[in-house]
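**Student:** Next comes the structure file upload_8.txt, holding compact mmCIF, C-alpha atoms.
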# COMPACT_ATOMS: atom_id res chain seq x y z
CA MET A 691 -8.60 -24.82 -32.85
CA ASP A 692 -12.26 -25.77 -32.57
CA VAL A 693 -14.49 -24.80 -29.69
CA SER A 694 -14.49 -28.12 -27.80
CA ARG A 695 -10.66 -28.34 -27.95
CA LYS A 696 -10.46 -24.79 -26.56
CA LYS A 697 -12.83 -25.70 -23.77
CA LEU A 698 -10.80 -28.80 -22.94
CA VAL A 699 -7.55 -26.83 -22.74
CA SER A 700 -9.15 -24.17 -20.52
CA ALA A 701 -10.64 -26.80 -18.21
CA GLY A 702 -7.27 -28.57 -18.04
CA LEU A 703 -5.51 -25.34 -17.07
CA LEU A 704 -8.11 -24.65 -14.39
CA ALA A 705 -7.68 -28.19 -13.03
CA TRP A 706 -3.89 -27.71 -12.97
CA TYR A 707 -4.23 -24.43 -11.07
CA VAL A 708 -6.67 -25.86 -8.52
CA GLY A 709 -4.37 -28.87 -8.05
CA VAL A 710 -1.29 -26.72 -7.46
CA SER A 711 -3.23 -24.42 -5.11
CA VAL A 712 -4.50 -27.31 -2.99
CA TRP A 713 -1.04 -28.86 -2.87
CA MET A 714 0.60 -25.55 -1.92
CA ALA A 715 -2.10 -24.86 0.69
CA GLN A 716 -0.65 -27.69 2.81
CA THR A 717 1.45 -26.29 5.65
CA PRO A 718 2.40 -22.90 4.19
CA ALA A 719 5.44 -21.21 5.80
CA ASP A 720 3.36 -18.29 7.10
CA PRO A 721 -0.40 -19.14 7.22
CA GLN A 722 -1.51 -15.52 7.70
CA PHE A 723 0.52 -14.27 4.72
CA TRP A 724 -0.67 -17.25 2.69
CA LEU A 725 -4.30 -16.35 3.39
CA ILE A 726 -3.94 -12.64 2.62
CA ALA A 727 -1.93 -13.20 -0.54
CA SER A 728 -4.33 -15.88 -1.85
CA ILE A 729 -7.45 -13.71 -1.76
CA LEU A 730 -6.72 -11.69 -4.88
CA PRO A 731 -5.68 -14.62 -7.16
CA ALA A 732 -8.73 -16.63 -6.06
CA PHE A 733 -10.98 -13.68 -6.87
CA PHE A 734 -9.23 -13.24 -10.21
CA VAL A 735 -9.76 -16.90 -11.16
CA VAL A 736 -13.45 -16.68 -10.23
CA VAL A 737 -13.79 -13.63 -12.49
CA LEU A 738 -12.07 -15.47 -15.34
CA VAL A 739 -14.37 -18.49 -14.98
CA ALA A 740 -17.45 -16.25 -14.74
CA THR A 741 -16.55 -14.26 -17.86
CA TYR A 742 -15.60 -17.37 -19.88
CA ARG A 743 -18.92 -17.58 -21.71
CA HIS A 744 -19.19 -13.87 -22.25
CA LEU A 745 -15.64 -13.11 -23.33
CA PRO A 746 -13.48 -16.20 -23.83
CA LEU A 747 -9.76 -15.51 -24.19
CA SER A 748 -7.47 -17.70 -26.29
CA PRO A 749 -5.93 -20.85 -24.78
CA ALA A 750 -2.54 -19.11 -25.10
CA SER A 751 -3.75 -16.32 -22.82
CA TYR A 752 -5.19 -18.74 -20.28
CA GLY A 753 -1.92 -20.68 -20.36
CA LEU A 754 0.12 -17.54 -19.66
CA ILE A 755 -2.21 -16.52 -16.82
CA THR A 756 -1.97 -20.03 -15.33
CA ALA A 757 1.83 -19.93 -15.52
CA PHE A 758 1.89 -16.63 -13.66
CA LEU A 759 -0.58 -17.76 -11.00
CA THR A 760 1.45 -20.94 -10.48
CA LEU A 761 4.58 -18.88 -9.80
CA HIS A 762 2.64 -16.70 -7.36
CA THR A 763 1.22 -19.74 -5.56
CA ILE A 764 4.74 -21.14 -5.07
CA GLY A 765 5.96 -17.77 -3.78
CA VAL A 766 3.09 -17.52 -1.32
CA HIS A 767 3.63 -21.06 -0.02
CA TYR A 768 7.26 -20.42 0.95
CA THR A 769 6.86 -16.62 1.45
CA TYR A 770 8.72 -14.91 -1.35
CA ALA A 771 11.99 -14.26 0.45
CA GLU A 772 12.43 -17.97 1.29
CA VAL A 773 11.61 -19.75 -1.99
CA PRO A 774 14.24 -22.51 -2.45
CA VAL A 775 14.79 -21.79 -6.16
CA GLY A 776 15.52 -18.15 -5.33
CA LEU A 777 17.90 -19.14 -2.54
CA TRP A 778 19.68 -21.47 -4.94
CA ILE A 779 20.02 -18.73 -7.60
CA ASP A 780 21.35 -16.40 -4.89
CA GLN A 781 23.99 -18.97 -3.90
CA VAL A 782 25.08 -19.63 -7.46
CA LEU A 783 25.23 -16.01 -8.65
CA HIS A 784 26.08 -14.34 -5.28
CA LEU A 785 23.32 -11.74 -5.59
CA GLY A 786 22.97 -11.00 -1.88
CA ARG A 787 19.21 -11.47 -1.81
CA ASN A 788 16.51 -13.92 -2.88
CA HIS A 789 15.37 -12.68 -6.27
CA PHE A 790 12.28 -14.88 -6.64
CA ASP A 791 9.93 -11.96 -5.93
CA ARG A 792 11.61 -9.83 -8.59
CA ILE A 793 11.27 -12.72 -11.05
CA VAL A 794 7.54 -12.94 -10.34
CA HIS A 795 7.13 -9.16 -10.79
CA PHE A 796 8.91 -9.46 -14.12
CA SER A 797 6.64 -12.40 -15.01
CA PHE A 798 3.60 -10.30 -14.16
CA GLY A 799 4.54 -7.98 -17.01
CA PHE A 800 5.97 -10.59 -19.35
CA LEU A 801 3.20 -13.19 -19.00
CA LEU A 802 0.14 -10.96 -18.52
CA ALA A 803 0.77 -8.26 -21.14
CA TYR A 804 -0.42 -10.60 -23.90
CA PRO A 805 -3.75 -11.53 -22.23
CA MET A 806 -4.34 -7.82 -21.64
CA GLU A 807 -3.54 -7.02 -25.26
CA GLU A 808 -6.05 -9.67 -26.29
CA LEU A 809 -8.67 -8.27 -23.91
CA PHE A 810 -8.28 -4.77 -25.37
CA ARG A 811 -8.31 -6.14 -28.93
CA LEU A 812 -11.54 -8.08 -28.28
CA SER A 813 -13.48 -5.59 -26.17
CA THR A 814 -12.48 -2.20 -27.60
CA SER A 815 -11.93 -0.87 -31.10
CA VAL A 816 -8.33 0.24 -30.55
CA GLN A 817 -5.89 0.00 -33.42
CA GLY A 818 -2.27 0.68 -34.25
CA TRP A 819 0.34 1.48 -31.59
CA VAL A 820 -2.33 1.90 -28.88
CA VAL A 821 -2.81 -1.88 -28.93
CA TYR A 822 0.75 -2.18 -27.62
CA TYR A 823 0.77 0.94 -25.48
CA LEU A 824 -2.30 0.09 -23.36
CA PRO A 825 -1.12 -3.32 -22.05
CA VAL A 826 2.20 -1.80 -20.94
CA MET A 827 0.40 1.04 -19.16
CA THR A 828 -2.07 -1.39 -17.58
CA VAL A 829 0.75 -3.61 -16.29
CA LEU A 830 2.53 -0.60 -14.81
CA GLY A 831 -0.68 0.82 -13.35
CA LEU A 832 -1.64 -2.49 -11.74
CA SER A 833 1.91 -2.87 -10.37
CA GLY A 834 1.55 0.54 -8.75
CA LEU A 835 -1.85 -0.45 -7.37
CA TRP A 836 -0.33 -3.68 -6.03
CA GLU A 837 2.40 -1.75 -4.21
CA ILE A 838 -0.23 0.57 -2.71
CA ILE A 839 -2.38 -2.37 -1.53
CA GLU A 840 0.72 -4.07 -0.10
CA SER A 841 1.55 -0.95 1.90
CA TRP A 842 -2.01 -0.83 3.29
CA VAL A 843 -1.91 -4.50 4.25
CA ALA A 844 1.49 -4.08 5.88
CA SER A 845 0.33 -1.04 7.90
CA ALA A 846 -2.83 -2.89 8.95
CA VAL A 847 -1.32 -6.25 9.87
CA HIS A 848 2.20 -5.50 11.09
CA PRO A 849 2.75 -1.74 11.48
CA GLU A 850 5.87 -2.32 13.59
CA LEU A 851 7.62 -4.24 10.79
CA GLY A 852 7.07 -1.44 8.25
CA ILE A 853 8.45 -2.08 4.77
CA ASN A 854 10.23 -5.24 5.93
CA TYR A 855 6.91 -7.06 6.09
CA LEU A 856 6.73 -6.88 2.30
CA GLY A 857 9.86 -8.96 1.80
CA SER A 858 11.78 -5.86 0.80
CA GLN A 859 14.77 -7.60 2.40
CA GLY A 860 16.14 -4.27 3.58
CA ASP A 861 15.93 -2.48 0.23
CA ILE A 862 14.35 1.00 0.42
CA TRP A 863 13.91 1.03 -3.37
CA ASP A 864 12.06 -2.28 -3.36
CA ALA A 865 8.72 -0.88 -4.59
CA GLN A 866 10.36 1.02 -7.45
CA LYS A 867 12.46 -1.98 -8.52
CA ASP A 868 9.39 -4.23 -8.47
CA MET A 869 7.46 -1.83 -10.71
CA ALA A 870 10.44 -1.45 -13.04
CA ALA A 871 10.73 -5.26 -13.31
CA ALA A 872 7.06 -5.52 -14.34
CA LEU A 873 7.56 -2.70 -16.85
CA TYR A 874 10.57 -4.45 -18.41
CA GLY A 875 8.58 -7.69 -18.63
CA ALA A 876 5.67 -5.98 -20.36
CA LEU A 877 7.97 -4.13 -22.78
CA LEU A 878 9.74 -7.38 -23.66
CA CYS A 879 6.43 -9.19 -24.24
CA VAL A 880 5.07 -6.41 -26.43
CA SER A 881 8.33 -6.23 -28.41
CA VAL A 882 8.27 -9.98 -29.04
CA LEU A 883 4.64 -9.68 -30.14
CA MET A 884 5.44 -6.87 -32.57
CA ILE A 885 8.39 -8.75 -34.07
CA VAL A 886 6.40 -11.99 -34.44
CA ARG A 887 3.53 -10.15 -36.12
CA ALA A 888 5.87 -8.25 -38.43
CA LEU A 889 7.56 -11.51 -39.47
CA ARG A 890 4.21 -13.21 -40.01
CA GLY A 891 2.99 -10.28 -42.07
CA ALA A 892 6.12 -10.44 -44.24
CA GLN A 893 5.71 -14.20 -44.64
CA SER A 894 2.08 -14.01 -45.73
CA GLU A 895 2.98 -11.26 -48.16
CA LEU A 896 5.69 -13.46 -49.61
CA GLN A 897 3.26 -16.37 -49.91
CA SER A 898 0.65 -14.30 -51.70
CA GLU A 899 3.34 -13.03 -54.07
CA THR A 900 4.49 -16.54 -54.98
CA ALA A 901 0.88 -17.62 -55.35
CA GLU A 902 0.37 -14.90 -57.92
CA MET B 561 -23.22 28.80 -45.23
CA ASN B 562 -20.69 31.56 -45.57
CA THR B 563 -21.53 33.10 -42.22
CA GLY B 564 -21.26 29.64 -40.64
CA MET B 565 -17.74 29.28 -41.96
CA THR B 566 -16.64 32.65 -40.68
CA GLY B 567 -18.30 31.95 -37.35
CA GLN B 568 -16.27 28.75 -37.00
CA LYS B 569 -13.13 30.57 -38.02
CA ARG B 570 -13.80 33.30 -35.51
CA ALA B 571 -14.27 30.71 -32.76
CA GLU B 572 -11.00 29.05 -33.77
CA SER B 573 -9.03 32.28 -33.69
CA GLY B 574 -10.70 33.09 -30.35
CA ASN B 575 -9.48 29.73 -29.03
CA ARG B 576 -6.02 30.43 -30.34
CA ARG B 577 -5.96 33.82 -28.64
CA LEU B 578 -7.03 32.25 -25.33
CA LEU B 579 -4.36 29.57 -25.66
CA LEU B 580 -1.67 32.17 -26.36
CA ALA B 581 -2.83 34.13 -23.33
CA LEU B 582 -2.62 30.96 -21.23
CA LEU B 583 0.88 30.19 -22.52
CA LEU B 584 2.00 33.76 -21.96
CA SER B 585 0.67 33.97 -18.42
CA TYR B 586 2.29 30.63 -17.60
CA GLY B 587 5.56 31.93 -19.10
CA VAL B 588 5.48 35.05 -16.92
CA PHE B 589 4.64 33.00 -13.81
CA TRP B 590 7.39 30.50 -14.63
CA VAL B 591 10.06 33.18 -15.21
CA TRP B 592 9.07 34.93 -11.98
CA LEU B 593 9.55 31.66 -10.04
CA ALA B 594 12.74 30.85 -11.98
CA ILE B 595 14.54 34.00 -10.82
CA ASP B 596 15.62 32.94 -7.36
CA PRO B 597 14.66 29.35 -6.49
CA LEU B 598 15.63 27.86 -3.13
CA ASN B 599 17.92 25.28 -4.72
CA ARG B 600 18.94 25.90 -8.32
CA ARG B 601 19.95 22.32 -9.13
CA ASP B 602 16.79 20.80 -7.71
CA TRP B 603 14.77 23.44 -9.56
CA LEU B 604 16.47 22.40 -12.81
CA LEU B 605 15.81 18.73 -12.13
CA GLU B 606 12.13 19.38 -11.44
CA ASN B 607 11.82 21.48 -14.58
CA LEU B 608 13.24 18.90 -16.99
CA LEU B 609 9.70 17.54 -17.21
CA VAL B 610 8.18 20.95 -17.92
CA LEU B 611 10.84 21.78 -20.50
CA THR B 612 9.91 18.66 -22.47
CA LEU B 613 6.14 18.75 -21.99
CA ILE B 614 5.48 22.34 -23.12
CA PRO B 615 7.49 22.18 -26.37
CA LEU B 616 5.81 18.83 -27.05
CA LEU B 617 2.35 20.36 -26.57
CA ILE B 618 3.22 23.31 -28.82
CA LEU B 619 4.75 21.13 -31.54
CA THR B 620 1.84 18.66 -31.58
CA HIS B 621 -0.80 21.40 -31.40
CA ARG B 622 -1.45 21.25 -35.14
CA ARG B 623 -1.73 17.46 -35.25
CA PHE B 624 -3.76 17.06 -32.09
CA GLU B 625 -5.55 19.96 -30.48
CA PHE B 626 -6.88 19.35 -26.99
CA SER B 627 -10.03 21.11 -25.84
CA LEU B 628 -9.62 24.43 -24.05
CA THR B 629 -10.64 22.73 -20.80
CA SER B 630 -7.74 20.31 -21.15
CA TYR B 631 -5.24 23.08 -21.82
CA TYR B 632 -6.49 25.01 -18.79
CA LEU B 633 -6.16 21.91 -16.59
CA ILE B 634 -2.64 21.21 -17.85
CA GLY B 635 -1.72 24.89 -17.30
CA LEU B 636 -3.09 24.81 -13.76
CA PHE B 637 -1.10 21.69 -12.91
CA LEU B 638 2.10 23.13 -14.38
CA MET B 639 1.64 26.33 -12.34
CA LEU B 640 1.32 24.25 -9.19
CA HIS B 641 4.47 22.38 -10.20
CA ALA B 642 6.41 25.59 -10.92
CA PHE B 643 5.43 26.79 -7.45
CA GLY B 644 6.62 23.54 -5.86
CA ALA B 645 9.86 23.53 -7.86
CA HIS B 646 10.67 27.06 -6.71
CA TYR B 647 10.50 26.00 -3.05
CA THR B 648 11.85 22.42 -3.61
CA TYR B 649 8.42 21.07 -2.61
CA ALA B 650 9.37 20.21 0.99
CA GLU B 651 9.73 23.93 1.83
CA VAL B 652 6.61 25.43 0.28
CA PRO B 653 5.27 28.01 2.78
CA LEU B 654 1.65 27.11 2.04
CA GLY B 655 2.49 23.49 2.90
CA PHE B 656 3.99 24.51 6.26
CA TRP B 657 0.85 26.47 7.01
CA LEU B 658 -1.29 23.42 6.16
CA ARG B 659 0.97 21.20 8.26
CA ASP B 660 0.53 23.41 11.33
CA LEU B 661 -3.18 23.75 10.67
CA GLY B 662 -3.76 19.99 10.42
CA GLY B 663 -1.14 18.93 12.97
CA LEU B 664 0.72 16.88 10.33
CA SER B 665 4.26 15.56 10.70
CA ARG B 666 5.43 16.70 7.27
CA ASN B 667 4.90 19.36 4.63
CA PRO B 668 2.03 17.96 2.54
CA PHE B 669 2.50 20.16 -0.55
CA ASP B 670 4.13 17.38 -2.61
CA ARG B 671 1.24 15.06 -1.83
CA ILE B 672 -1.19 17.77 -2.93
CA ALA B 673 0.71 18.09 -6.20
CA HIS B 674 0.50 14.31 -6.75
CA PHE B 675 -3.24 14.44 -6.06
CA ALA B 676 -3.57 17.38 -8.45
CA TYR B 677 -1.67 15.40 -11.06
CA GLY B 678 -4.40 12.76 -11.04
CA LEU B 679 -7.24 15.22 -10.55
CA LEU B 680 -6.27 17.63 -13.33
CA LEU B 681 -4.44 15.51 -15.91
CA VAL B 682 -6.75 12.52 -16.12
CA TYR B 683 -9.18 14.60 -18.19
CA PRO B 684 -6.68 15.49 -20.97
CA ILE B 685 -5.47 11.87 -20.97
CA ARG B 686 -9.04 10.65 -21.40
CA GLU B 687 -9.56 13.11 -24.22
CA LEU B 688 -6.45 11.81 -25.96
CA LEU B 689 -7.52 8.18 -25.56
CA VAL B 690 -11.10 8.82 -26.69
CA ARG B 691 -10.30 10.98 -29.69
CA ARG B 692 -7.08 9.36 -30.88
CA ALA B 693 -7.48 5.72 -29.88
CA GLY B 694 -11.25 5.47 -30.22
CA ILE B 695 -11.83 4.11 -26.73
CA ALA B 696 -15.45 4.32 -25.62
CA GLY B 697 -17.84 3.26 -22.90
CA LEU B 698 -16.66 2.27 -19.44
CA TRP B 699 -13.13 1.62 -20.73
CA SER B 700 -12.85 5.36 -21.40
CA TYR B 701 -13.21 5.97 -17.65
CA ALA B 702 -11.08 3.04 -16.40
CA LEU B 703 -8.11 3.33 -18.75
CA PRO B 704 -7.27 7.01 -18.05
CA VAL B 705 -7.10 6.13 -14.33
CA CYS B 706 -4.81 3.26 -15.21
CA VAL B 707 -2.59 5.52 -17.32
CA VAL B 708 -2.34 8.08 -14.48
CA LEU B 709 -1.37 5.33 -12.04
CA ALA B 710 1.15 3.88 -14.49
CA GLN B 711 2.72 7.29 -15.06
CA SER B 712 2.90 7.85 -11.30
CA GLY B 713 4.65 4.51 -10.90
CA PHE B 714 6.99 5.35 -13.78
CA PHE B 715 7.74 8.70 -12.15
CA GLU B 716 8.59 6.98 -8.85
CA VAL B 717 10.94 4.63 -10.72
CA LEU B 718 12.58 7.59 -12.49
CA GLU B 719 12.94 9.39 -9.17
CA ALA B 720 14.63 6.34 -7.68
CA ILE B 721 17.05 6.11 -10.62
CA VAL B 722 17.84 9.83 -10.42
CA ALA B 723 18.36 9.58 -6.67
CA MET B 724 20.73 6.63 -7.09
CA ILE B 725 22.76 8.21 -9.90
CA VAL B 726 22.85 11.88 -8.91
CA SER B 727 24.45 12.80 -5.60
CA PRO B 728 22.49 11.04 -2.85
CA GLU B 729 22.18 14.36 -1.04
CA LEU B 730 20.38 16.08 -3.92
CA GLY B 731 18.49 12.83 -4.44
CA ASN B 732 17.02 13.14 -0.99
CA ILE B 733 15.88 16.72 -1.58
CA TYR B 734 14.48 15.80 -4.96
CA LEU B 735 12.67 12.81 -3.54
CA GLY B 736 11.33 14.79 -0.64
CA THR B 737 10.34 11.66 1.29
CA GLN B 738 10.77 13.68 4.51
CA GLY B 739 11.31 10.44 6.41
CA ASP B 740 8.22 8.64 5.12
CA GLU B 741 9.10 5.05 4.23
CA TRP B 742 5.82 4.64 2.34
CA ASP B 743 6.39 7.86 0.39
CA ALA B 744 6.24 6.23 -3.06
CA GLN B 745 3.02 4.37 -2.23
CA HIS B 746 1.39 7.43 -0.70
CA ASP B 747 2.29 9.54 -3.75
CA MET B 748 0.80 6.99 -6.11
CA ALA B 749 -2.31 6.59 -3.96
CA ALA B 750 -2.81 10.38 -4.01
CA ALA B 751 -2.65 10.46 -7.82
CA LEU B 752 -5.01 7.47 -7.98
CA ALA B 753 -7.52 9.17 -5.67
CA GLY B 754 -7.41 12.38 -7.72
CA SER B 755 -7.97 10.61 -11.04
CA VAL B 756 -10.77 8.41 -9.65
CA LEU B 757 -12.50 11.51 -8.28
CA THR B 758 -12.43 13.34 -11.63
CA MET B 759 -13.61 10.27 -13.54
CA CYS B 760 -16.50 9.73 -11.09
CA VAL B 761 -17.59 13.36 -11.48
CA LEU B 762 -17.34 13.09 -15.27
CA LEU B 763 -19.29 9.84 -15.32
CA ALA B 764 -22.03 11.35 -13.12
CA LEU B 765 -22.20 14.48 -15.32
CA SER B 766 -22.42 12.50 -18.55
CA SER B 767 -25.12 10.15 -17.22
CA CYS B 768 -27.05 13.19 -15.92
CA SER B 769 -26.96 14.93 -19.28
CA ARG B 770 -27.90 11.69 -21.04
CA GLY B 771 -30.89 11.32 -18.71
CA ARG B 772 -31.93 14.91 -19.42
CA ALA B 773 -31.64 14.36 -23.19
CA LYS B 774 -33.84 11.26 -22.91
CA ARG B 775 -36.46 13.15 -20.91
CA SER B 776 -36.56 16.05 -23.36
CA VAL B 777 -37.02 13.59 -26.23
CA SER B 778 -39.92 11.80 -24.57
Write out the structure in this file as structure tokens.
**Tutor:**
Amino acid sequence: MDVSRKKLVSAGLLAWYVGVSVWMAQTPADPQFWLIASILPAFFVVVLVATYRHLPLSPASYGLITAFLTLHTIGVHYTYAEVPVGLWIDQVLHLGRNHFDRIVHFSFGFLLAYPMEELFRLSTSVQGWVVYYLPVMTVLGLSGLWEIIESWVASAVHPELGINYLGSQGDIWDAQKDMAAALYGALLCVSVLMIVRALRGAQSELQSETAE
Amino acid sequence: MNTGMTGQKRAESGNRRLLLALLLSYGVFWVWLAIDPLNRRDWLLENLLVLTLIPLLILTHRRFEFSLTSYYLIGLFLMLHAFGAHYTYAEVPLGFWLRDLGGLSRNPFDRIAHFAYGLLLVYPIRELLVRRAGIAGLWSYALPVCVVLAQSGFFEVLEAIVAMIVSPELGNIYLGTQGDEWDAQHDMAAALAGSVLTMCVLLALSSCSRGRAKRSVS
């Protein structure tokens, strides 16, 4: 893909994200939660735009990041425990709780492990298994950091609600399950990546053999 | 040339002797604390980690040798852990003393161990990443912190699984939340703080020595 096409795709993704954000900013279910939970993604997008010239990622990475941020924006609009899709899944499968938050934690690992892998590939000289190990560790580390920040916010804003403020929906293992979901997502993403690359490598070998 | 070779060899065998002494002293300490732990099953559970880590370090010693500093730091952390395992963490006398001294609501020894985990083990992790994976620059300070935090999170997940599978009663002892609903987050934050502290000190030291080298050149 040439440079101008790449730029166009990136700009389109940014426009999509801004559009969704503005739309979802109308009458959020809990304005305070919406505000707090929107700070970090907004900051993240600003960093991505600012580093675009310096260290442009591939359109695939930007697409994955946009998909994740879109999911988060939807979750923040309804507050995670009340997202209609999650309620619907709960009704159909009789899960006992709204699993939308768990899905987004899984997506954090599954969708963002590849952009991280690309970042490490471009900005460090790592090779071999470390290329796959570092994104998984980064996903898990950031998930842990997220849980820590959440606990600080909850203690600062609503100390009387305790862990229930975080949409734990009465589950004392909520933090651990969230981190595990992100870990599974990252492991799945990295596995897919390894398989795809192995297949591609085999294919190109085959092609060069037939060419000879 | 020849004397240089023997000098290097002598240093290597000196290192090996120090490492053996470290291993031996840890072994003695460990056996002493293994004789009569407060709760044998919890002690066993806590030591599963140690019983995998030490053989792993010995077996990989030929393929990857850490610096002496790293081995000392790992040894120090494992001694702290053996101490905690003996008293099932929530009952460590030193922790009770600290609790009364600081007017705390719980025995803080487990939190200290989590902090020490970050403080002491981030250095060996960095060494591994720098020497094996070729990570350099600022990444070599950020990524070890990330790995420590990830391992802490992974440990909390493992703890949760163990607590759910094994008898809930032992699970509670093993978890040692002592009624803190933010226990997992506090543990991870302690490890994060420890690792950030060590990396900041290391960064300051390396920039200091670089500045001194520049000055001596000019």
**Student:** Please report the interatomic distance between atom CA of B:Gly662 and atom CA of B:Ala650 in Å with one decimal.
**Tutor:**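 Those two atoms sit 16.2 Å apart.
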**Student:** If you count all atoms listed in the file, which residues fall within 12 Å of stretch 767-778 of chain B, apart from same-chain ones fewer than 5 positions away, as a PyMOL selection string?
**Tutor:** chain B and resi 697-698+760-762
**Student:** Ranking B:Leu718, B:Leu703, B:Ala710, B:Leu609 by minimum distance to chain A and counting only C-alpha atoms, which one comes first?
**Tutor:**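 Smallest separation from chain A among the options: B:Ala710.
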**Student:** Choose the residue, out of A:Val736, A:Leu802, A:Leu730, A:Val693, that has the smallest atom-to-atom separation from A:Ile839; count all atoms listed in the file.
**Tutor:**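 Ranking A:Val736, A:Leu802, A:Leu730, A:Val693 by distance to A:Ile839, first place goes to A:Leu730.
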**Student:** Write out as a list in words each polymer residue whose atoms come within 12 Å of B:Ile595, counting only C-alpha atoms; drop sequence neighbours fewer than 3 positions from it.
**Tutor:**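 Here the answer would be Val588, Phe589, Trp590, Val591, Trp592, Leu598, Asn599, Arg600, Trp603, Leu604, Ala642, Ala645, His646 and Tyr647 of chain B.
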**Student:** Show me, as a VMD selection string, the residues that have an atom within 9 Å of A:Tyr768 when counting only C-alpha atoms, minus same-chain residues fewer than 2 positions from it.
**Tutor:** chain A and resid 714 718 to 720 724 763 to 766 770 to 774
**Student:** Would you mind listing, as an MDAnalysis selection string, all residues of chain A that have at least one atom within 8 Å of chain B, where all atoms listed in the file are what counts?
**Tutor:** chainID A and resid 814:817 820 827:835 837:838 841 852:853 862:863 865:867 869:870
**Student:** Using all atoms of stretch 620-627 of chain B that appear in the file, construct an axis-aligned enclosing box with 5 Å of padding on every side and provide its centre coordinates and edge lengths in Å, rounded to one decimal, as AutoDock Vina command-line options.
**Tutor:**
--center_x -4.1 --center_y 19.2 --center_z -30.5 --size_x 21.9 --size_y 14.3 --size_z 19.4
**Student:** As an exercise, work out the distance from atom CA of B:Glu687 to atom CA of B:Leu638 in Å and give it to one decimal place.
**Tutor:**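 Rounded to one decimal, the two atoms are 18.3 Å apart.
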**Student:** Could you check which of A:Pro749, A:Ala740, A:Glu808, A:Gln716 is closest to A:Arg695, using all atoms listed in the file?
**Tutor:**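 When distances to A:Arg695 are compared using all atoms listed in the file, the smallest one comes from A:Pro749.
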**Student:** Calculate how many Å separate atom CA of B:Asp596 from atom CA of B:Gly644, rounding to one decimal.
**Tutor:**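 Between these atoms lies a distance of 13.1 Å.
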**Student:** Would you mind listing what lies within 8 Å of B:Asn667 as a list of chain:residue names, with all atoms listed in the file counted and same-chain residues fewer than 3 positions away left out?
**Tutor:**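 So the residues in contact are B:Ala650, B:Glu651, B:Val652, B:Gly655, B:Phe656, B:Leu658, B:Arg659, B:Leu664, B:Asp670.
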**Student:** Find the residue from A:Gln722, A:Gln781, A:Thr741, A:Ser700 that sits nearest to A:Gly753; use all atoms listed in the file when measuring.
**Tutor:**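 Comparing A:Gln722, A:Gln781, A:Thr741, A:Ser700 against A:Gly753, the winner is A:Ser700.
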**Student:** Give me, as a PyMOL selection string, all polymer residues having an atom no more than 12 Å from B:Ala676, counting all atoms listed in the file and skipping those fewer than 5 positions away in the same chain.
**Tutor:** chain B and resi 633-641+669-671+681-683+708+712+747-758
**Student:** Return the single residue from A:Thr760, A:Leu877, A:Ala727, A:Pro849 that is closest to A:Leu824, with distances computed using only C-alpha atoms.
**Tutor:**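 Smallest separation from A:Leu824 among the options: A:Leu877.
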**Student:** Could you tell me which of A:Ala750, A:Val826, A:Leu777, A:Gly818 comes closest to A:Pro805 if we count all atoms listed in the file?
**Tutor:**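 Looking at the shortest contact to A:Pro805, the residue is A:Ala750.
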**Student:** Got a minute to add N, CA and C atoms to stretch 833-842 of chain A and dump it as a PDB file, in the frame of the given file?
**Tutor:**
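The new file result-v8.pdb reads:
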ATOM      1  N   SER A 833       0.759  -2.688 -11.271  1.00  0.00           N
ATOM      2  CA  SER A 833       1.910  -2.870 -10.370  1.00  0.00           C
ATOM      3  C   SER A 833       1.903  -1.801  -9.292  1.00  0.00           C
ATOM      4  N   GLY A 834       1.630  -0.549  -9.724  1.00  0.00           N
ATOM      5  CA  GLY A 834       1.550   0.540  -8.750  1.00  0.00           C
ATOM      6  C   GLY A 834       0.437   0.282  -7.741  1.00  0.00           C
ATOM      7  N   LEU A 835      -0.723  -0.160  -8.252  1.00  0.00           N
ATOM      8  CA  LEU A 835      -1.850  -0.450  -7.370  1.00  0.00           C
ATOM      9  C   LEU A 835      -1.485  -1.561  -6.382  1.00  0.00           C
ATOM     10  N   TRP A 836      -0.761  -2.575  -6.873  1.00  0.00           N
ATOM     11  CA  TRP A 836      -0.330  -3.680  -6.030  1.00  0.00           C
ATOM     12  C   TRP A 836       0.568  -3.174  -4.895  1.00  0.00           C
ATOM     13  N   GLU A 837       1.507  -2.285  -5.238  1.00  0.00           N
ATOM     14  CA  GLU A 837       2.400  -1.750  -4.210  1.00  0.00           C
ATOM     15  C   GLU A 837       1.613  -0.951  -3.163  1.00  0.00           C
ATOM     16  N   ILE A 838       0.601  -0.205  -3.637  1.00  0.00           N
ATOM     17  CA  ILE A 838      -0.230   0.570  -2.710  1.00  0.00           C
ATOM     18  C   ILE A 838      -0.990  -0.370  -1.770  1.00  0.00           C
ATOM     19  N   ILE A 839      -1.612  -1.413  -2.350  1.00  0.00           N
ATOM     20  CA  ILE A 839      -2.380  -2.370  -1.530  1.00  0.00           C
ATOM     21  C   ILE A 839      -1.455  -3.046  -0.524  1.00  0.00           C
ATOM     22  N   GLU A 840      -0.268  -3.449  -1.001  1.00  0.00           N
ATOM     23  CA  GLU A 840       0.720  -4.070  -0.100  1.00  0.00           C
ATOM     24  C   GLU A 840       1.021  -3.174   1.086  1.00  0.00           C
ATOM     25  N   SER A 841       1.195  -1.878   0.807  1.00  0.00           N
ATOM     26  CA  SER A 841       1.550  -0.950   1.900  1.00  0.00           C
ATOM     27  C   SER A 841       0.391  -0.843   2.892  1.00  0.00           C
ATOM     28  N   TRP A 842      -0.852  -0.880   2.388  1.00  0.00           N
ATOM     29  CA  TRP A 842      -2.010  -0.830   3.290  1.00  0.00           C
ATOM     30  C   TRP A 842      -2.059  -2.078   4.154  1.00  0.00           C
TER      31      TRP A 842
END
